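Student: Take a look at the following structure, please.
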Amino acid sequence: MLAVDLAGDAVKAKNGSMVAYDGEMAFKKLSGGGEGLRGMVTRRLTGEQMTVMEVKGHGTCWFADRASEINLVGLRGDKLYVESSNFLAADAGLRTGTSFTGLRGASQGNGLFTTTVEGHGQAAILSDGPAVVLRVGPQHPLTVDPGAYVAHQGNLRQSFQSGVTFRTLMGEGGGEAFQIRFEGDGLVYVQPSERNTIAGDV
């Protein structure tokens, strides 16, 4: 559970994630596609389903989602890419939007777009079990199962690769039909469990 102390300021959170509060709070529904006209167009084109609310007031507000683990990520002007289902909350000053993921999103069953959080402040992301943060370096690429992927930040390039081989189709392979490969310099957050994905059904 995430406790946020407010003194007249605001926080953005996943719609429906508030479990309790004390003091005086006002709740306003926002959208997950981003702010302004560009965000509205993005939401219509992407079909982004995540809804975000703004909570403003004086007191303490508690947030949670299905007893998931909560991980705080500090942003210093950089951008965090996080699956919509793994986003919980962010400082009100952080900008939220959507980003095209292409085949990676399709393999996860989450659609072709993912949520972005950008600016200076803290964001809270969810994971099924304690998240592990893995470093990607110029000489150390990382390959991740789509069902375990939670988020990433930094200067990273993604590629979608298929692990389907004759052995996989015969039931003798590792069982991971698709993977995401990260190259560059940054951090990748993974969870110790796998959500159901299209890749898992192949």
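For the structure tokens, the naming scheme is as follows: chains receive sequential letters (A, B, ...) according to their order of presentation, residues are indexed from 1 within each chain, and ligands are indexed from 1 in presentation order.
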What lies within 12 Å of stretch 10-18 of chain A using only C-alpha atoms, ignoring chain neighbours under 5 positions off, as an mmCIF file with N, CA, C and O atoms, in the first residue's frame?
Tutor:
```
data_model
loop_
_atom_site.group_PDB
_atom_site.id
_atom_site.type_symbol
_atom_site.label_atom_id
_atom_site.label_comp_id
_atom_site.auth_asym_id
_atom_site.auth_seq_id
_atom_site.Cartn_x
_atom_site.Cartn_y
_atom_site.Cartn_z
ATOM 1 N N MET A 1 0.837 -1.183 0.000
ATOM 2 C CA MET A 1 0.000 0.000 0.000
ATOM 3 C C MET A 1 0.881 1.245 0.000
ATOM 4 O O MET A 1 1.915 1.271 0.662
ATOM 5 N N LEU A 2 0.482 2.244 -0.789
ATOM 6 C CA LEU A 2 1.243 3.482 -0.905
ATOM 7 C C LEU A 2 0.496 4.594 -0.184
ATOM 8 O O LEU A 2 -0.664 4.871 -0.487
ATOM 9 N N ALA A 3 1.157 5.228 0.784
ATOM 10 C CA ALA A 3 0.574 6.353 1.514
ATOM 11 C C ALA A 3 1.178 7.647 0.970
ATOM 12 O O ALA A 3 2.403 7.793 0.928
ATOM 13 N N VAL A 4 0.326 8.579 0.548
ATOM 14 C CA VAL A 4 0.775 9.849 -0.011
ATOM 15 C C VAL A 4 0.243 10.986 0.863
ATOM 16 O O VAL A 4 -0.972 11.117 1.048
ATOM 17 N N ASP A 5 1.158 11.772 1.424
ATOM 18 C CA ASP A 5 0.767 12.933 2.224
ATOM 19 C C ASP A 5 0.613 14.143 1.318
ATOM 20 O O ASP A 5 1.527 14.479 0.552
ATOM 21 N N MET A 25 -10.187 15.616 0.618
ATOM 22 C CA MET A 25 -9.656 15.257 -0.697
ATOM 23 C C MET A 25 -10.698 15.511 -1.789
ATOM 24 O O MET A 25 -11.894 15.340 -1.568
ATOM 25 N N ALA A 26 -10.217 15.917 -2.954
ATOM 26 C CA ALA A 26 -11.069 16.060 -4.131
ATOM 27 C C ALA A 26 -10.523 15.145 -5.219
ATOM 28 O O ALA A 26 -9.301 15.074 -5.433
ATOM 29 N N PHE A 27 -11.422 14.445 -5.914
ATOM 30 C CA PHE A 27 -11.032 13.477 -6.938
ATOM 31 C C PHE A 27 -11.540 13.935 -8.294
ATOM 32 O O PHE A 27 -12.714 14.280 -8.447
ATOM 33 N N LYS A 28 -10.649 13.924 -9.288
ATOM 34 C CA LYS A 28 -11.006 14.345 -10.635
ATOM 35 C C LYS A 28 -10.496 13.296 -11.621
ATOM 36 O O LYS A 28 -9.312 12.953 -11.627
ATOM 37 N N LYS A 29 -11.385 12.794 -12.474
ATOM 38 C CA LYS A 29 -10.995 11.774 -13.453
ATOM 39 C C LYS A 29 -10.242 12.408 -14.614
ATOM 40 O O LYS A 29 -10.677 13.393 -15.194
ATOM 41 N N LEU A 30 -9.091 11.823 -14.939
ATOM 42 C CA LEU A 30 -8.300 12.243 -16.087
ATOM 43 C C LEU A 30 -8.293 11.096 -17.085
ATOM 44 O O LEU A 30 -8.985 10.105 -16.916
ATOM 45 N N SER A 31 -7.465 11.204 -18.132
ATOM 46 C CA SER A 31 -7.314 10.121 -19.102
ATOM 47 C C SER A 31 -5.871 9.683 -19.155
ATOM 48 O O SER A 31 -4.965 10.446 -18.835
ATOM 49 N N GLY A 32 -5.637 8.450 -19.568
ATOM 50 C CA GLY A 32 -4.291 7.906 -19.592
ATOM 51 C C GLY A 32 -3.481 8.243 -20.817
ATOM 52 O O GLY A 32 -2.311 7.933 -20.899
ATOM 53 N N GLY A 34 -2.620 11.172 -22.082
ATOM 54 C CA GLY A 34 -1.792 12.363 -22.026
ATOM 55 C C GLY A 34 -2.648 13.606 -21.929
ATOM 56 O O GLY A 34 -3.870 13.555 -22.016
ATOM 57 N N GLN A 49 -6.821 2.257 -22.767
ATOM 58 C CA GLN A 49 -7.904 2.000 -21.830
ATOM 59 C C GLN A 49 -7.636 2.496 -20.412
ATOM 60 O O GLN A 49 -8.543 2.548 -19.605
ATOM 61 N N MET A 50 -6.399 2.816 -20.064
ATOM 62 C CA MET A 50 -6.095 3.209 -18.704
ATOM 63 C C MET A 50 -6.702 4.563 -18.383
ATOM 64 O O MET A 50 -6.594 5.498 -19.156
ATOM 65 N N THR A 51 -7.370 4.662 -17.236
ATOM 66 C CA THR A 51 -7.887 5.938 -16.780
ATOM 67 C C THR A 51 -7.152 6.336 -15.509
ATOM 68 O O THR A 51 -6.823 5.497 -14.668
ATOM 69 N N VAL A 52 -6.885 7.620 -15.395
ATOM 70 C CA VAL A 52 -6.122 8.158 -14.279
ATOM 71 C C VAL A 52 -6.967 9.202 -13.577
ATOM 72 O O VAL A 52 -7.745 9.919 -14.213
ATOM 73 N N MET A 53 -6.841 9.276 -12.267
ATOM 74 C CA MET A 53 -7.533 10.314 -11.517
ATOM 75 C C MET A 53 -6.507 11.220 -10.848
ATOM 76 O O MET A 53 -5.381 10.802 -10.568
ATOM 77 N N GLU A 54 -6.919 12.466 -10.627
ATOM 78 C CA GLU A 54 -6.090 13.399 -9.873
ATOM 79 C C GLU A 54 -6.706 13.544 -8.488
ATOM 80 O O GLU A 54 -7.909 13.780 -8.356
ATOM 81 N N VAL A 55 -5.873 13.365 -7.466
ATOM 82 C CA VAL A 55 -6.317 13.512 -6.087
ATOM 83 C C VAL A 55 -5.620 14.737 -5.513
ATOM 84 O O VAL A 55 -4.389 14.832 -5.543
ATOM 85 N N LYS A 56 -6.415 15.670 -4.986
ATOM 86 C CA LYS A 56 -5.868 16.919 -4.468
ATOM 87 C C LYS A 56 -6.501 17.226 -3.125
ATOM 88 O O LYS A 56 -7.709 17.006 -2.941
ATOM 89 N N GLY A 57 -5.696 17.734 -2.186
ATOM 90 C CA GLY A 57 -6.267 18.105 -0.906
ATOM 91 C C GLY A 57 -5.255 18.175 0.207
ATOM 92 O O GLY A 57 -4.056 18.346 -0.017
ATOM 93 N N HIS A 58 -5.761 18.028 1.433
ATOM 94 C CA HIS A 58 -4.930 18.065 2.636
ATOM 95 C C HIS A 58 -5.192 16.797 3.436
ATOM 96 O O HIS A 58 -6.343 16.517 3.793
ATOM 97 N N GLY A 59 -4.152 16.039 3.709
ATOM 98 C CA GLY A 59 -4.294 14.805 4.460
ATOM 99 C C GLY A 59 -3.449 13.707 3.858
ATOM 100 O O GLY A 59 -2.468 13.974 3.155
ATOM 101 N N THR A 60 -3.819 12.476 4.135
ATOM 102 C CA THR A 60 -3.103 11.307 3.623
ATOM 103 C C THR A 60 -4.054 10.442 2.823
ATOM 104 O O THR A 60 -5.186 10.193 3.257
ATOM 105 N N CYS A 61 -3.590 10.003 1.662
ATOM 106 C CA CYS A 61 -4.389 9.125 0.804
ATOM 107 C C CYS A 61 -3.606 7.833 0.577
ATOM 108 O O CYS A 61 -2.393 7.867 0.317
ATOM 109 N N TRP A 62 -4.282 6.711 0.698
ATOM 110 C CA TRP A 62 -3.643 5.413 0.513
ATOM 111 C C TRP A 62 -4.108 4.777 -0.790
ATOM 112 O O TRP A 62 -5.313 4.776 -1.099
ATOM 113 N N PHE A 63 -3.150 4.228 -1.547
ATOM 114 C CA PHE A 63 -3.433 3.600 -2.841
ATOM 115 C C PHE A 63 -2.921 2.167 -2.851
ATOM 116 O O PHE A 63 -1.879 1.860 -2.255
ATOM 117 N N ALA A 64 -3.627 1.291 -3.548
ATOM 118 C CA ALA A 64 -3.205 -0.106 -3.700
ATOM 119 C C ALA A 64 -3.948 -0.699 -4.894
ATOM 120 O O ALA A 64 -4.932 -0.131 -5.382
ATOM 121 N N ASP A 65 -3.465 -1.853 -5.366
ATOM 122 C CA ASP A 65 -4.124 -2.553 -6.469
ATOM 123 C C ASP A 65 -3.869 -4.046 -6.343
ATOM 124 O O ASP A 65 -2.743 -4.511 -6.548
ATOM 125 N N ARG A 66 -4.875 -4.789 -5.939
ATOM 126 C CA ARG A 66 -4.835 -6.262 -5.848
ATOM 127 C C ARG A 66 -3.643 -6.777 -5.034
ATOM 128 O O ARG A 66 -3.047 -7.804 -5.378
ATOM 129 N N ALA A 67 -3.268 -6.062 -3.992
ATOM 130 C CA ALA A 67 -2.170 -6.460 -3.097
ATOM 131 C C ALA A 67 -0.837 -6.622 -3.828
ATOM 132 O O ALA A 67 0.050 -7.336 -3.380
ATOM 133 N N SER A 68 -0.690 -5.936 -4.965
ATOM 134 C CA SER A 68 0.562 -6.000 -5.723
ATOM 135 C C SER A 68 1.681 -5.271 -4.984
ATOM 136 O O SER A 68 1.433 -4.361 -4.186
ATOM 137 N N SER A 84 0.507 -0.274 -18.812
ATOM 138 C CA SER A 84 -0.634 0.379 -18.175
ATOM 139 C C SER A 84 -1.102 -0.375 -16.940
ATOM 140 O O SER A 84 -1.447 0.231 -15.917
ATOM 141 N N SER A 85 -1.106 -1.696 -17.004
ATOM 142 C CA SER A 85 -1.565 -2.498 -15.865
ATOM 143 C C SER A 85 -0.607 -2.417 -14.685
ATOM 144 O O SER A 85 -0.975 -2.778 -13.565
ATOM 145 N N ASN A 86 0.631 -1.943 -14.922
ATOM 146 C CA ASN A 86 1.628 -1.850 -13.848
ATOM 147 C C ASN A 86 1.797 -0.433 -13.306
ATOM 148 O O ASN A 86 2.632 -0.200 -12.435
ATOM 149 N N PHE A 87 1.016 0.517 -13.810
ATOM 150 C CA PHE A 87 1.111 1.892 -13.314
ATOM 151 C C PHE A 87 0.183 2.068 -12.125
ATOM 152 O O PHE A 87 -0.979 1.670 -12.166
ATOM 153 N N LEU A 88 0.680 2.707 -11.040
ATOM 154 C CA LEU A 88 -0.171 2.987 -9.882
ATOM 155 C C LEU A 88 -0.357 4.482 -9.661
ATOM 156 O O LEU A 88 -1.492 4.961 -9.586
ATOM 157 N N ALA A 89 0.739 5.241 -9.553
ATOM 158 C CA ALA A 89 0.614 6.658 -9.223
ATOM 159 C C ALA A 89 1.868 7.412 -9.640
ATOM 160 O O ALA A 89 2.916 6.815 -9.900
ATOM 161 N N ALA A 90 1.748 8.754 -9.697
ATOM 162 C CA ALA A 90 2.888 9.609 -10.034
ATOM 163 C C ALA A 90 2.641 10.999 -9.474
ATOM 164 O O ALA A 90 1.487 11.414 -9.291
ATOM 165 N N ASP A 91 3.719 11.696 -9.189
ATOM 166 C CA ASP A 91 3.592 13.094 -8.796
ATOM 167 C C ASP A 91 2.816 13.842 -9.868
ATOM 168 O O ASP A 91 2.989 13.587 -11.063
ATOM 169 N N ALA A 92 1.979 14.803 -9.438
ATOM 170 C CA ALA A 92 1.118 15.519 -10.377
ATOM 171 C C ALA A 92 1.918 16.274 -11.430
ATOM 172 O O ALA A 92 1.435 16.490 -12.537
ATOM 173 N N GLY A 93 3.158 16.671 -11.111
ATOM 174 C CA GLY A 93 3.977 17.412 -12.066
ATOM 175 C C GLY A 93 4.569 16.566 -13.170
ATOM 176 O O GLY A 93 5.085 17.096 -14.160
ATOM 177 N N LEU A 94 4.499 15.257 -13.043
ATOM 178 C CA LEU A 94 5.012 14.370 -14.078
ATOM 179 C C LEU A 94 4.003 14.277 -15.221
ATOM 180 O O LEU A 94 2.796 14.207 -14.998
ATOM 181 N N ARG A 95 4.502 14.266 -16.447
ATOM 182 C CA ARG A 95 3.639 14.173 -17.623
ATOM 183 C C ARG A 95 3.398 12.704 -17.964
ATOM 184 O O ARG A 95 4.336 11.910 -18.000
ATOM 185 N N THR A 96 2.155 12.358 -18.249
ATOM 186 C CA THR A 96 1.823 10.994 -18.653
ATOM 187 C C THR A 96 1.363 11.004 -20.097
ATOM 188 O O THR A 96 0.810 11.990 -20.581
ATOM 189 N N THR A 115 2.278 3.055 -21.519
ATOM 190 C CA THR A 115 2.196 4.333 -20.817
ATOM 191 C C THR A 115 3.587 4.918 -20.607
ATOM 192 O O THR A 115 4.541 4.182 -20.307
ATOM 193 N N VAL A 117 5.780 8.043 -18.488
ATOM 194 C CA VAL A 117 5.781 9.018 -17.400
ATOM 195 C C VAL A 117 7.093 9.779 -17.515
ATOM 196 O O VAL A 117 8.163 9.167 -17.586
ATOM 197 N N GLY A 121 10.345 13.860 -10.527
ATOM 198 C CA GLY A 121 9.480 13.427 -9.440
ATOM 199 C C GLY A 121 9.530 11.928 -9.274
ATOM 200 O O GLY A 121 10.437 11.259 -9.779
ATOM 201 N N GLN A 122 8.538 11.391 -8.571
ATOM 202 C CA GLN A 122 8.486 9.958 -8.321
ATOM 203 C C GLN A 122 7.242 9.339 -8.940
ATOM 204 O O GLN A 122 6.169 9.937 -8.958
ATOM 205 N N ALA A 123 7.424 8.118 -9.433
ATOM 206 C CA ALA A 123 6.309 7.329 -9.943
ATOM 207 C C ALA A 123 6.275 6.013 -9.173
ATOM 208 O O ALA A 123 7.316 5.487 -8.759
ATOM 209 N N ALA A 124 5.074 5.490 -8.964
ATOM 210 C CA ALA A 124 4.902 4.213 -8.290
ATOM 211 C C ALA A 124 4.396 3.198 -9.305
ATOM 212 O O ALA A 124 3.382 3.427 -9.966
ATOM 213 N N ILE A 125 5.125 2.098 -9.440
ATOM 214 C CA ILE A 125 4.719 1.050 -10.376
ATOM 215 C C ILE A 125 4.459 -0.243 -9.615
ATOM 216 O O ILE A 125 5.019 -0.471 -8.542
ATOM 217 N N LEU A 126 3.605 -1.072 -10.190
ATOM 218 C CA LEU A 126 3.173 -2.313 -9.553
ATOM 219 C C LEU A 126 3.898 -3.512 -10.147
ATOM 220 O O LEU A 126 4.295 -3.501 -11.314
#
```
Student: Which residues are near stretch 132-147 of chain A? Cut-off 6 Å, only C-alpha atoms, ignore same chain within fewer than 2 positions. Put them as a list in words.
Tutor: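 After dropping sequence-adjacent residues, the list is Gln108, Tyr149, Gln179, Ile180, Arg181, Phe182, Glu183, Gly184, Asp185, Gly186, Leu187, Val188, Tyr189, Val190, Glu194 and Arg195 of chain A.
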Student: Tell me, in Å to one decimal, how far atom CA of A:Val150 is from atom CA of A:Tyr81.
Tutor: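 A separation of 8.6 Å between them.
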Student: Atom CA of A:Ala148 and atom CA of A:Ala131, how far apart in Å?
Tutor: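 Straight-line distance from atom CA of A:Ala131 to atom CA of A:Ala148 works out to 9.5 Å.
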Student: Ranking A:Ala20, A:Gly97, A:Phe178, A:Glu69 by minimum distance to A:Ser127 and counting only C-alpha atoms, which one comes first?
Tutor: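 Once distances to A:Ser127 are computed over only C-alpha atoms, the minimum belongs to A:Glu69.
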Student: In Å, how far is it from atom CA of A:Leu72 to atom CA of A:Gly154?
Tutor: 16.0 Å
